[in-house]
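The block underneath contains the structure these notes are about, expressed in structure tokens.
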Amino acid sequence: MTSHAVEGTPRPPRRLGDRVFSSLVTAAGVVILITLAGVALFLTYEGLPALTAQAAEIPGADSFRAYAWPLVYGTLLAAVLALLLAVPVSIGVALFISHFAPRRLASTLGYLVDLLAAVPSIIYGLWGIFFLAPRMVPLYEWLAGHLSWIPFFAGPASTTGRTIFTVGIVLGVMVLPIMTSICREIFLQTPRLHEEAALALGATRWEMIRMAVFPYGRSGIVSGAMLALGRALGETIAVATVLSVSGVVSLNLISNTNPGTIAANIALKFPEASGIEVNILIATGLVLFVITFLVNFLARAIVGRRAEFSGAN
Amino acid sequence: MAKSIDVSDLNIFYGDFCAVEDVTIPIAARSVTAFIGPSGCGKSTFLRSLNRMHEVIPGARVEGKILIDGADLYDPEVDPVEVRRQIGMVFQRPNPFPTMSIAENVIAGMRLNSRKLKKAEAAEIVEGSLRRANLWTEVKDRLDKPGSSLSGGQQQRLCIARAIAVQPQVLLMDEPCSALDPISTTAIEDLIHELKEDYTIVIVTHNMQQAARVSATTAFFNLAGVGRPGQLIEYGPTTKIFTTPENESTEAYISGRFG
Ligand SMILES: Nc1ncnc2c1ncn2[C@@H]1O[C@H](COP(=O)(O)OP(=O)(O)OP(=O)(O)O)[C@@H](O)[C@H]1O
Ligand SMILES: [Mg+2]
């Protein structure tokens, strides 16, 4: 033993290339942090006056909380609806592409899905209001007529179809491509060895997928869902186009009276807002920022809970 | 219980590439058959065709006949899933499920066969299988840790435990001891001796002494040349193959005079 080793591990010499590369990636990481901090600072600074605003200054509510709550509720409701619809479908489509479709069909499908991701959201909005909404009306009427004991379908059914449910579908379709892409990539990366281990034990294809593909892809699926959720939470123009808003908080998904969403509300109100109203809108933006943050945090926690078993080691 | 295997005129393809050509060999029930031969001659490929694992590779197919106790293995009526439940396999590279715990890995096959496994029953199977694979003492205190937390040799023994837990009628082992130390190797060889009382065992090995120790029959595979398909050169009682082989290349291979 030399005295050297007792003092503690000396830093190993590092190559120039390594140092350059590590500085570069560190810089990239710092840029992200600065951007994020900048956005947070701006939102807080501009939004704070709204939190202390007089009741009279707040349009349509007597406190900022009362103003923001229906919007928060609507935002979450629409995003959750979208996710509920999109997650199973995109996992199914991704599985079909990665494990069931013949190779030619699979690559064509994958390409089409990626193309869908590039369609601008106003197109989805127009599709929602002109195509989807009118076609949903008969379904809403049926639901209100037969299942009105379920609070979600209490009715009265919307005659235009511009409901939060329709918005959920539009958002679901919008987030489908990104989520499908991510799931497909991760499913394709399942190690063959693990798939073969399952098959050799006598697993059917579906059992193999449950034993090898899903567990391996779990964190990827959650990440995909979070990206999708982020897009659904922040979607502005498609929601603003489709939804008929009246600022209520209700479980009813199929009526004419719906809660708005934060992003759509900002887009609709901003052009005519002035003074404290602008601060109020920005403060709702801050709320959205925090919600997105929390959601991602939660997702990381879910993924991290069984990191040991993730298959990454 | 144990099943005999009869292979005749078997050609095995990866797409257009013929990897193994014209294999005809009977494999007796309740005995150990060893496959030896140089790397790349198609031992793994042939082994995988015996439980229909070959066909899970896109474009892979076989021609010829394999009879398991007289029944055609590649009959269109035969469900490959059912086949694989009865013909177990240990792969050349260890492949425990990384997302399952050690105990879950062992009973993974049981769970496929019979959904409802009582807790005590499962624990018994886990302990029994791990003991026979000579892994129990090393892992008994961390059965709930992931299968991937084990060393390479431990993972291989875990895979052996997983394969024998379902009590397959035929057990195919592709170089099961290549990552193991002499102690574990001896334990696995003891296990093979014990299993052959009830099961049919086929083992691929690069270790001549191991083939000589465990097998009753030995089959020697060789390549006709680079890029040519592998072939079965000869097979026979292990003692005969190792003392008086008929083919010159067999003699050269087992005596280590192989170019
Ligand atoms: N998935 C595959 N696709 C195409 N060719 C393959 C594939 N797997 C193996 N081969 C080819 O088939 C031939 C036989 O391979 P195989 O793995 O059966 O050899 P082996 O006798 O088991 O060798 P080793 O002793 O090194 O394990 C080789 O030429 C190999 O390149
Ligand atoms: Mg091999």
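Ordering of the structure tokens sets the chain letters (A, B, ...); residue numbers start at 1 within each chain; ligands are numbered from 1 in the order shown.
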Using only C-alpha atoms and all ligand atoms, what does the table of chain B residues within 8 Å of ligand 2 look like, with each row giving the shortest atom pair and its distance in Å to one decimal, sorted by chain and ascending number, as JSON lines?
{"residue": "B:Ser39", "atom": "CA", "partner": "ligand 2", "partner_atom_place_in_ligand_line": "1 (Mg)", "distance": 6.9}
{"residue": "B:Gly40", "atom": "CA", "partner": "ligand 2", "partner_atom_place_in_ligand_line": "1 (Mg)", "distance": 6.9}
{"residue": "B:Gly42", "atom": "CA", "partner": "ligand 2", "partner_atom_place_in_ligand_line": "1 (Mg)", "distance": 6.9}
{"residue": "B:Lys43", "atom": "CA", "partner": "ligand 2", "partner_atom_place_in_ligand_line": "1 (Mg)", "distance": 5.7}
{"residue": "B:Ser44", "atom": "CA", "partner": "ligand 2", "partner_atom_place_in_ligand_line": "1 (Mg)", "distance": 4.0}
{"residue": "B:Thr45", "atom": "CA", "partner": "ligand 2", "partner_atom_place_in_ligand_line": "1 (Mg)", "distance": 7.1}
{"residue": "B:Gln92", "atom": "CA", "partner": "ligand 2", "partner_atom_place_in_ligand_line": "1 (Mg)", "distance": 6.2}
{"residue": "B:Asp174", "atom": "CA", "partner": "ligand 2", "partner_atom_place_in_ligand_line": "1 (Mg)", "distance": 6.6}
{"residue": "B:Glu175", "atom": "CA", "partner": "ligand 2", "partner_atom_place_in_ligand_line": "1 (Mg)", "distance": 7.4}
{"residue": "B:Val204", "atom": "CA", "partner": "ligand 2", "partner_atom_place_in_ligand_line": "1 (Mg)", "distance": 7.6}
Would you mind writing down, as a short mmCIF file (atom, residue, chain, number, x, y, z; two decimals) with N, CA and C atoms, in the first residue's frame, each residue of stretch 30-158 of chain B that DSSP on the backbone assigns to strand (DSSP E or B)?
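Produced file out.cif, reproduced below:
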data_model
loop_
_atom_site.label_atom_id
_atom_site.label_comp_id
_atom_site.auth_asym_id
_atom_site.auth_seq_id
_atom_site.Cartn_x
_atom_site.Cartn_y
_atom_site.Cartn_z
N VAL B 32 -29.10 -40.09 -22.45
CA VAL B 32 -28.49 -38.81 -22.76
C VAL B 32 -27.78 -38.92 -24.10
N THR B 33 -28.08 -38.01 -24.99
CA THR B 33 -27.41 -37.95 -26.28
C THR B 33 -26.62 -36.65 -26.34
N ALA B 34 -25.35 -36.76 -26.69
CA ALA B 34 -24.52 -35.56 -26.76
C ALA B 34 -24.24 -35.21 -28.21
N PHE B 35 -24.30 -33.89 -28.53
CA PHE B 35 -23.90 -33.40 -29.85
C PHE B 35 -22.56 -32.69 -29.69
N ILE B 36 -21.58 -33.12 -30.47
CA ILE B 36 -20.31 -32.41 -30.45
C ILE B 36 -19.98 -31.97 -31.88
N ALA B 60 -37.03 -18.77 -41.15
CA ALA B 60 -36.42 -20.08 -40.87
C ALA B 60 -37.44 -21.19 -41.12
N ARG B 61 -36.95 -22.32 -41.67
CA ARG B 61 -37.86 -23.45 -41.91
C ARG B 61 -37.08 -24.74 -41.93
N VAL B 62 -37.79 -25.84 -41.88
CA VAL B 62 -37.12 -27.15 -41.96
C VAL B 62 -37.80 -27.98 -43.03
N GLU B 63 -37.04 -28.94 -43.57
CA GLU B 63 -37.59 -29.96 -44.47
C GLU B 63 -37.21 -31.30 -43.89
N GLY B 64 -38.08 -32.29 -44.09
CA GLY B 64 -37.76 -33.61 -43.58
C GLY B 64 -38.69 -33.99 -42.47
N LYS B 65 -38.33 -35.00 -41.70
CA LYS B 65 -39.27 -35.54 -40.75
C LYS B 65 -38.64 -35.68 -39.37
N ILE B 66 -39.40 -35.27 -38.35
CA ILE B 66 -39.02 -35.57 -36.98
C ILE B 66 -40.22 -36.24 -36.33
N LEU B 67 -40.02 -37.45 -35.81
CA LEU B 67 -41.10 -38.14 -35.12
C LEU B 67 -40.81 -38.15 -33.63
N ILE B 68 -41.79 -37.70 -32.83
CA ILE B 68 -41.66 -37.79 -31.37
C ILE B 68 -42.59 -38.92 -30.94
N ALA B 71 -45.11 -39.67 -33.50
CA ALA B 71 -45.99 -38.62 -34.02
C ALA B 71 -45.16 -37.55 -34.72
N ASP B 72 -45.63 -37.14 -35.89
CA ASP B 72 -44.89 -36.16 -36.68
C ASP B 72 -44.88 -34.80 -35.98
N ILE B 87 -41.26 -30.23 -24.37
CA ILE B 87 -39.84 -30.34 -24.69
C ILE B 87 -39.15 -29.06 -24.21
N GLY B 88 -38.51 -29.16 -23.07
CA GLY B 88 -37.90 -27.98 -22.46
C GLY B 88 -36.55 -27.68 -23.08
N MET B 89 -36.07 -26.46 -22.83
CA MET B 89 -34.83 -26.06 -23.48
C MET B 89 -34.02 -25.13 -22.58
N VAL B 90 -32.72 -25.36 -22.55
CA VAL B 90 -31.79 -24.43 -21.89
C VAL B 90 -30.92 -23.85 -22.99
N SER B 101 -38.57 -11.82 -10.48
CA SER B 101 -37.67 -12.20 -9.40
C SER B 101 -37.13 -13.60 -9.67
N PRO B 146 -34.25 -9.49 -8.56
CA PRO B 146 -34.42 -9.78 -9.98
C PRO B 146 -33.45 -10.85 -10.49
#
Pick out the closest residue to A:Ile169 from this set: A:Gly155, A:Gly260, A:Gly128, A:Pro120. Count only C-alpha atoms. A:Gly128
Output the contact residues of chain B with respect to chain A at a cut-off of 6 Å, based on only C-alpha atoms, as number ranges by chain. B: 81, 84-85, 95, 98-99, 109, 146
Shortest interatomic distance to ligand 1 - which of B:Gln169, B:Lys116, B:Gly225, B:Arg157, counting only C-alpha atoms and all ligand atoms: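 Comparing B:Gln169, B:Lys116, B:Gly225, B:Arg157 against ligand 1, the winner is B:Gly225.
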One decimal, Å: what's the distance from atom CA of B:Pro229 over to atom CA of B:Val20, could you say? 4.9 Å
Using only C-alpha atoms for the distances, tell me which of B:Glu189, B:Glu77, B:Asn105, B:Gly59 is nearest to B:Cys18.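 Checking each candidate against B:Cys18, we get B:Gly59 as the closest.
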Residues near A:Ala117, cut-off 9 Å, only C-alpha atoms, skip fewer than 2 positions along chain, as a ChimeraX atom specification: /A:112-115,119-120,174-178
Output the selection as a short mmCIF file (atom, residue, chain, number, x, y, z; two decimals), in the first residue's frame - N, CA and C atoms for each residue.
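Okay, out.cif is ready:
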data_model
loop_
_atom_site.label_atom_id
_atom_site.label_comp_id
_atom_site.auth_asym_id
_atom_site.auth_seq_id
_atom_site.Cartn_x
_atom_site.Cartn_y
_atom_site.Cartn_z
N LEU A 112 -46.87 5.56 -41.84
CA LEU A 112 -48.13 6.31 -41.81
C LEU A 112 -48.35 6.95 -40.44
N VAL A 113 -48.09 6.17 -39.39
CA VAL A 113 -48.29 6.68 -38.04
C VAL A 113 -47.38 7.89 -37.80
N ASP A 114 -46.12 7.77 -38.25
CA ASP A 114 -45.20 8.90 -38.06
C ASP A 114 -45.68 10.13 -38.83
N LEU A 115 -46.28 9.91 -40.01
CA LEU A 115 -46.82 11.02 -40.79
C LEU A 115 -47.94 11.73 -40.04
N VAL A 119 -49.35 16.20 -38.66
CA VAL A 119 -50.54 16.97 -39.03
C VAL A 119 -50.75 18.08 -38.01
N PRO A 120 -50.92 19.34 -38.46
CA PRO A 120 -51.08 20.44 -37.50
C PRO A 120 -52.40 20.32 -36.73
N MET A 174 -55.05 12.83 -31.58
CA MET A 174 -53.85 13.65 -31.77
C MET A 174 -52.63 13.05 -31.12
N VAL A 175 -52.80 12.47 -29.93
CA VAL A 175 -51.61 11.97 -29.23
C VAL A 175 -51.27 10.54 -29.64
N LEU A 176 -52.17 9.92 -30.38
CA LEU A 176 -51.95 8.53 -30.79
C LEU A 176 -50.61 8.32 -31.50
N PRO A 177 -50.27 9.15 -32.49
CA PRO A 177 -49.04 8.87 -33.26
C PRO A 177 -47.78 8.85 -32.39
N ILE A 178 -47.63 9.86 -31.54
CA ILE A 178 -46.39 9.94 -30.77
C ILE A 178 -46.28 8.76 -29.83
#
Using only C-alpha atoms, determine which residues lie at most 9 Å from A:Gly234, disregarding the query and same-chain residues fewer than 4 positions distant; provide the list as a PyMOL selection string. chain A and resi 75+79+229-230+261-264+288+292
Give me the residues near A:His99 as number ranges by chain, where near means some atom within 12 Å (using only C-alpha atoms) and where sequence neighbours in that chain fewer than 4 positions away do not count. A: 91-95, 103, 105-107, 183-190, 192, 195, 205-206, 208-209, 213; B: 56, 58
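For the choices B:Leu47, B:Ala163, B:Cys177, B:Leu171, the atom-to-atom distance to B:Lys196 is smallest for B:Leu171 when using only C-alpha atoms.
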Minimum-distance residue to A:Phe153, chosen among A:Ser219, A:Asn252, A:Thr284, A:Ser63 (using only C-alpha atoms):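 Between A:Ser219, A:Asn252, A:Thr284, A:Ser63, the residue approaching A:Phe153 most closely is A:Asn252.
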Write out as number ranges by chain the set of residues from stretch 61-273 of chain A that DSSP, computed on the backbone, places in helix (DSSP H, G or I). A: 64-100, 103-116, 121-146, 151-153, 164-188, 192-200, 205-234, 237-242, 262-272
